[in-house]
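Before any comments, here is the structure.
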Amino acid sequence: MFALKLSTITLSLLYSTASASPFSPSVNLYPRSTCSGNTATTRSEWCDYSIDTDYTSEVPDTGVTKEYWFELTDVTVSPDGVSRSAMAVNGSIPGPTIFADWGDTVVVHVTNSLTTSNNGTSIHFHGIRQNYTNENDGVSSITQCPTAPGDSVTYTWRATQYGSSWYHSHFALQAWQGIAGGIIINGPATANYDEDLGVVILSDWDHSTVDELYYEAETTGPPTLDNGLINGTNVYDDGGSRLEVSFTSGTSYRLRLVNGAIDSHFKFSIDNHTMQVIASDLVPIQPYNTTVLDIGMGQRYDVIVTADQASVADNFWMRAIPQSACSDNSNEDNIRAIVTYADTSSTPTTTGYDYTDSCDDETDNIVPYLSKTVGSSSSVTSEEADITTVNSLFKWTLNSTSMMVDWTDPTLLQVVNNVTSFDTDDAVIQLPTANEWVYLAIDTELAVPHPIHLHGHDFYVLAQGTGSYSSSITLDTDNPPRRDTAMLPASGYLVIGFETDNPGVWLMHCHIGWHTSEGFALQLVERYDEIAALTNSTSLTETCSTWSAFQSSESITQEDSGI
């Protein structure tokens with residue numbers, strides 16, 4: 001199990017997964033019905049289903065609802081021994097993990113009590129497809145108005161996928177103020193293991209808030225951050241404490257890695273140990289072994305580590321190393337946790353694996369377990385990523401458009417109100433036809449890599465490389481890597497493909513927080529004619545009315561892209 005030392009960052013409700021708070025009279029949690037399979041030696045099984053079940057078309061009907069109550073508050077924390085203001089979910093950073101079983105319905109009630117900072121909010125469930133539930137995607141200015149302080153909102157979605165992910169705020173830079181936590185959806189796996197150690201969130205951290213740093217990011221470029229955290233804790237100078245993970249010799253452990261950083265591409269490793277990778281994002285893959293794993297912002301990997309090094313040492317370093325090729329951190333060699341085989345840990349003396357500093361993707365290693373062939377498309381839509389300045393502030397663009405959407409008039413509300421012509425800086429691509437294949441190529445001439453995340457879909461990585469994309473480049477359509485976040489290489493291209501099988505308004509953006517706020521995004525209005533009938537226009541309108549009144553009364557000014 002994890003032994004976490006978070007004396008100041010952990011407040012009264014750490015590890016509460018569903019809190020019977022003042023906002024709920026009871027907690028609606030039910031155990032999964034007893035069924036065969038999914039033991040330490042049969043992880044490929046899951047009740048009457050298995051790893052061979054095509055989860056894109058078949059999902060268990062559990063009849064179970066997992067219900068959670070989250071309260072967002074302003075807090076003062078010192079996760080590395082240095083005190084600063086932050087924001088927390090149920091009093092903890094990271095927030096409580098959402099647990100569900102494959103096929104469950106998940107209900108999350110969110111109350112915004114950010115009355116000190118006067119922040120709006122929204123909660124996005126990263127990687128969750130939201131099949132036909134677009135209004136629950138939780139993106140300010142796209143699928144909802146921000147939830148105002150004192151107001152509450154409820155998100156409901158079905159766990160049609162299984163694996164590991166995270167939720168985070170999608171309002172300004174709030175996710176990196178602390179509004180984030182893990183998601184675990186239990187289901188089958190492509191390899192056996194003994195124990196599940198849960199989510200391990202890797203993040204960067206600074207002793208100034210991201211809001212305080214944003215002006216620097218806009219005027220001189222991304223700031224060098226002070227530190228990084230592993231599951232919300234680390235050391236700095238003589239303060240703080242490290243996460244400790246206890247291993248028992250001979251036991252195999254599943255770790256669910258999440259890169260929740262604002263601007264750090266990590267290489268992850270555990271000294272002397274080998275990792276077996278079994279999932280990328282929320283897609284099960286053919287297992288492969290590695291000692292050092294690249295993980296870009298927003299990406300997730302499930303790995304299995306066998307505790308087979310007790311003869312070497314009692315204690316080992318777990319390392320999250322920001323890559324200087326695309327990340328700047330003042331504590332880059334000291335973002336570590338301790339893996340211990342002993343009853344009481346001590347400082348490890350082990351040596352890390354050699355690696356080449358780079359911001360690569362794991363694409364060449366990824367083979368989805370469920371083999372799928374990409375359908376054909378008549379054309380490839382091209383988007384050129386670039387940077388410009390507006391009023392001496394940096395703005396990122398796609399095809400010369402920097403996204404600037406309005407908090408008070410989200411795209412989903414515009415669709416419900418029968419708006420058919422969108423402003424240029426809404427950066428809308430309309431996809432009116434059902435079940436057609438879309439190929440999208442993103443290019444950049446700039447020597448900066450970007451993690452590209454698409455909402456509402458797992459996309460296929462058709463091509464990825466350096467140089468400019470052209471029609472002469474062969475696209476991989478035979479079971480290519482499938483995921484929701486992939487790297488656009490520096491001075492390179494990324495070509496993705498997906499099917500228009502999910503009506504809604506879906507955001508695609510760079511997952512570097514600074515870049516998102518600076519407009520590196522577009523949105524897909526998919527199957528417009530079906531969206532309004534799927535949307536609860538009453539709750540959407542009520543949230544917007546409350547937000548508009550709050551923004552007006554408090555004279556709140558939108559200073560970023562709106563997402």
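In the structure tokens, the first chain shown is A, the next is B, and so on; residue numbers restart at 1 for each chain, and ligands run from 1 in the order shown.
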
Exercise for review: Would you mind listing what lies within 6 Å of Leu488 of chain A as a count of residues only, with only C-alpha atoms counted and same-chain residues fewer than 4 positions away left out?
Suggested key: 4

Point to revise | DSSP-assigned strand (DSSP E or B) among segment 268-341 of chain A, expressed as a ChimeraX atom specification | key: /A:268-270,275-280,283-290,293-295,300-306,315-322,329,336-340

**Study point:** In segment 308-550 of chain A, DSSP helix (DSSP H, G or I) residues written as a ChimeraX atom specification
**Key:** /A:363-365,411-416,424-426,513-517,528-534,537-550

Review point. With only C-alpha atoms as the basis for distance, which of A:Val380, A:Ile184, A:Val438, A:Val277 is at the shortest distance from Ile98 of chain A?
Key: A:Ile184

Which residues come within 6 Å of segment 204-221 of chain A, counting only C-alpha atoms, excluding same-chain residues fewer than 2 positions away, as a CSV table (one decimal) with C-alpha atoms, in the first residue's frame?
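Here's the written file part_9.csv:
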```csv
chain,number,residue,atom,x,y,z
A,225,LEU,CA,8.8,25.8,-12.1
A,226,ASP,CA,10.2,25.1,-8.6
A,227,ASN,CA,9.4,21.5,-8.0
A,228,GLY,CA,7.3,18.4,-8.8
A,229,LEU,CA,5.1,16.2,-6.7
A,261,ALA,CA,1.4,18.5,-15.0
A,393,LEU,CA,0.7,38.7,-25.2
A,394,PHE,CA,1.5,35.3,-26.7
```

Exercise for review: Just give me the gap between atom CA of Asp560 of chain A and atom CA of Asp425 of chain A in Å, one decimal is fine.
Suggested key: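 For atom CA of Asp560 of chain A relative to atom CA of Asp425 of chain A, the distance reads 12.5 Å.
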
Exercise for review: Rounded to one decimal place, report the atom CA of Thr160 of chain A-atom CA of Leu524 of chain A distance in Å.
Suggested key: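 These two atoms are separated by 21.6 Å.
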
Review point. Within 6 Å of Asp484 of chain A, counting only C-alpha atoms, which residues qualify if same-chain residues fewer than 4 places away don't, as an MDAnalysis selection string?
Key: chainID A and resid 453:454 458:459

Create the file for the chosen residues now, containing N, CA and C atoms and written as a PDB file, in the first residue's frame.
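The resulting file, again-v8.pdb, is shown below:
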```
ATOM      1  N   HIS A 453      -4.963  16.521 -26.996  1.00  0.00           N
ATOM      2  CA  HIS A 453      -6.036  15.751 -26.344  1.00  0.00           C
ATOM      3  C   HIS A 453      -7.359  16.043 -27.033  1.00  0.00           C
ATOM      4  N   LEU A 454      -8.100  14.980 -27.358  1.00  0.00           N
ATOM      5  CA  LEU A 454      -9.417  15.107 -27.973  1.00  0.00           C
ATOM      6  C   LEU A 454     -10.474  14.603 -27.005  1.00  0.00           C
ATOM      7  N   ASP A 458     -11.751   8.189 -28.472  1.00  0.00           N
ATOM      8  CA  ASP A 458     -10.400   7.653 -28.593  1.00  0.00           C
ATOM      9  C   ASP A 458     -10.046   7.761 -30.067  1.00  0.00           C
ATOM     10  N   PHE A 459      -8.946   8.435 -30.386  1.00  0.00           N
ATOM     11  CA  PHE A 459      -8.556   8.558 -31.781  1.00  0.00           C
ATOM     12  C   PHE A 459      -7.461   7.550 -32.116  1.00  0.00           C
TER      13      PHE A 459
END
```

Review point. Just how far from atom CA of Arg158 of chain A is atom CA of Asp61 of chain A, in Å to one decimal?
Key: 10.2 Å

Check your understanding: Near segment 362-376 of chain A, within 9 Å and counting only C-alpha atoms, which residues show up once chain neighbours fewer than 5 positions away are dropped, as an NGL selection string?
Key -> :A and (51-54 or 190 or 279-280 or 283-288 or 293-295 or 436-439 or 460-462 or 464 or 476-482 or 486 or 497-499)

Check your understanding: Closest to Ile387 of chain A among A:Leu243, A:Ala447, A:Ile335, A:Ala434, using only C-alpha atoms?
Key -> A:Ala447

Review point. Neighbours of Thr401 of chain A within 12 Å (only C-alpha atoms; same-chain residues fewer than 4 positions away dropped), as a PyMOL selection string?
Key: chain A and resi 383-390+395-397+405+423-428+518-523+561

Exercise for review: Give me the residues within 10 Å of Lys267 of chain A as a ChimeraX atom specification, counting only C-alpha atoms and dropping any in the same chain fewer than 3 places off.
Suggested key: /A:264,291-296,319-323,355-360

Can I get the selected residues back with N, CA and C atoms, as a PDB file, in the first residue's frame?
```pdb
ATOM      1  N   SER A 264       5.140  19.737 -17.932  1.00  0.00           N
ATOM      2  CA  SER A 264       6.290  18.849 -17.728  1.00  0.00           C
ATOM      3  C   SER A 264       6.039  17.489 -18.353  1.00  0.00           C
ATOM      4  N   THR A 291      12.082  -0.080 -18.987  1.00  0.00           N
ATOM      5  CA  THR A 291      12.633   0.388 -17.713  1.00  0.00           C
ATOM      6  C   THR A 291      12.402   1.883 -17.518  1.00  0.00           C
ATOM      7  N   VAL A 292      12.203   2.612 -18.631  1.00  0.00           N
ATOM      8  CA  VAL A 292      11.950   4.047 -18.584  1.00  0.00           C
ATOM      9  C   VAL A 292      10.760   4.329 -19.500  1.00  0.00           C
ATOM     10  N   LEU A 293       9.768   5.060 -18.969  1.00  0.00           N
ATOM     11  CA  LEU A 293       8.513   5.271 -19.685  1.00  0.00           C
ATOM     12  C   LEU A 293       8.288   6.760 -19.931  1.00  0.00           C
ATOM     13  N   ASP A 294       8.059   7.132 -21.190  1.00  0.00           N
ATOM     14  CA  ASP A 294       7.688   8.511 -21.521  1.00  0.00           C
ATOM     15  C   ASP A 294       6.213   8.723 -21.234  1.00  0.00           C
ATOM     16  N   ILE A 295       5.880   9.826 -20.564  1.00  0.00           N
ATOM     17  CA  ILE A 295       4.480  10.138 -20.296  1.00  0.00           C
ATOM     18  C   ILE A 295       4.268  11.646 -20.443  1.00  0.00           C
ATOM     19  N   GLY A 296       3.513  12.016 -21.477  1.00  0.00           N
ATOM     20  CA  GLY A 296       3.227  13.412 -21.750  1.00  0.00           C
ATOM     21  C   GLY A 296       2.067  13.910 -20.909  1.00  0.00           C
ATOM     22  N   ARG A 319      11.258   7.564  -9.782  1.00  0.00           N
ATOM     23  CA  ARG A 319      11.660   8.852 -10.352  1.00  0.00           C
ATOM     24  C   ARG A 319      10.657   9.348 -11.390  1.00  0.00           C
ATOM     25  N   ALA A 320      10.355  10.635 -11.322  1.00  0.00           N
ATOM     26  CA  ALA A 320       9.618  11.334 -12.374  1.00  0.00           C
ATOM     27  C   ALA A 320      10.517  12.473 -12.833  1.00  0.00           C
ATOM     28  N   ILE A 321      11.103  12.339 -14.006  1.00  0.00           N
ATOM     29  CA  ILE A 321      12.152  13.262 -14.443  1.00  0.00           C
ATOM     30  C   ILE A 321      11.623  14.157 -15.556  1.00  0.00           C
ATOM     31  N   PRO A 322      11.462  15.465 -15.292  1.00  0.00           N
ATOM     32  CA  PRO A 322      11.054  16.384 -16.370  1.00  0.00           C
ATOM     33  C   PRO A 322      12.138  16.435 -17.443  1.00  0.00           C
ATOM     34  N   GLN A 323      11.727  16.381 -18.687  1.00  0.00           N
ATOM     35  CA  GLN A 323      12.687  16.379 -19.785  1.00  0.00           C
ATOM     36  C   GLN A 323      13.013  17.814 -20.198  1.00  0.00           C
ATOM     37  N   TYR A 355      19.063   7.270 -19.864  1.00  0.00           N
ATOM     38  CA  TYR A 355      18.019   7.627 -20.816  1.00  0.00           C
ATOM     39  C   TYR A 355      18.519   8.796 -21.651  1.00  0.00           C
ATOM     40  N   THR A 356      17.877   9.021 -22.772  1.00  0.00           N
ATOM     41  CA  THR A 356      18.148  10.192 -23.609  1.00  0.00           C
ATOM     42  C   THR A 356      17.093  11.241 -23.328  1.00  0.00           C
ATOM     43  N   ASP A 357      17.532  12.444 -22.985  1.00  0.00           N
ATOM     44  CA  ASP A 357      16.582  13.515 -22.701  1.00  0.00           C
ATOM     45  C   ASP A 357      15.797  13.829 -23.973  1.00  0.00           C
ATOM     46  N   SER A 358      14.493  13.603 -23.910  1.00  0.00           N
ATOM     47  CA  SER A 358      13.639  13.818 -25.082  1.00  0.00           C
ATOM     48  C   SER A 358      12.191  13.834 -24.638  1.00  0.00           C
ATOM     49  N   CYS A 359      11.327  14.318 -25.498  1.00  0.00           N
ATOM     50  CA  CYS A 359       9.895  14.399 -25.205  1.00  0.00           C
ATOM     51  C   CYS A 359       9.137  13.523 -26.190  1.00  0.00           C
ATOM     52  N   ASP A 360       9.482  12.252 -26.192  1.00  0.00           N
ATOM     53  CA  ASP A 360       8.947  11.300 -27.152  1.00  0.00           C
ATOM     54  C   ASP A 360       7.612  10.736 -26.692  1.00  0.00           C
TER      55      ASP A 360
END
```

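Minimum atom-to-atom distances from A:Phe99, A:Phe268, A:Trp46, A:Trp407 to Thr121 of chain A were compared using only C-alpha atoms, and the lowest value belongs to A:Trp407.
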
**Study point:** Nearest to Tyr469 of chain A, chosen from A:Gly198, A:Pro451, A:Gly492, A:Gly138, with only C-alpha atoms counted in the distances
**Key:**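 Checking each of A:Gly198, A:Pro451, A:Gly492, A:Gly138 against Tyr469 of chain A, counting only C-alpha atoms, the winner is A:Gly492.
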
**Study point:** Using only C-alpha atoms: which of A:Asp281, A:Gly127, A:Pro410, A:Met297 has the shortest distance to Leu202 of chain A
**Key:**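 Using only C-alpha atoms, Leu202 of chain A sits closest to A:Met297.
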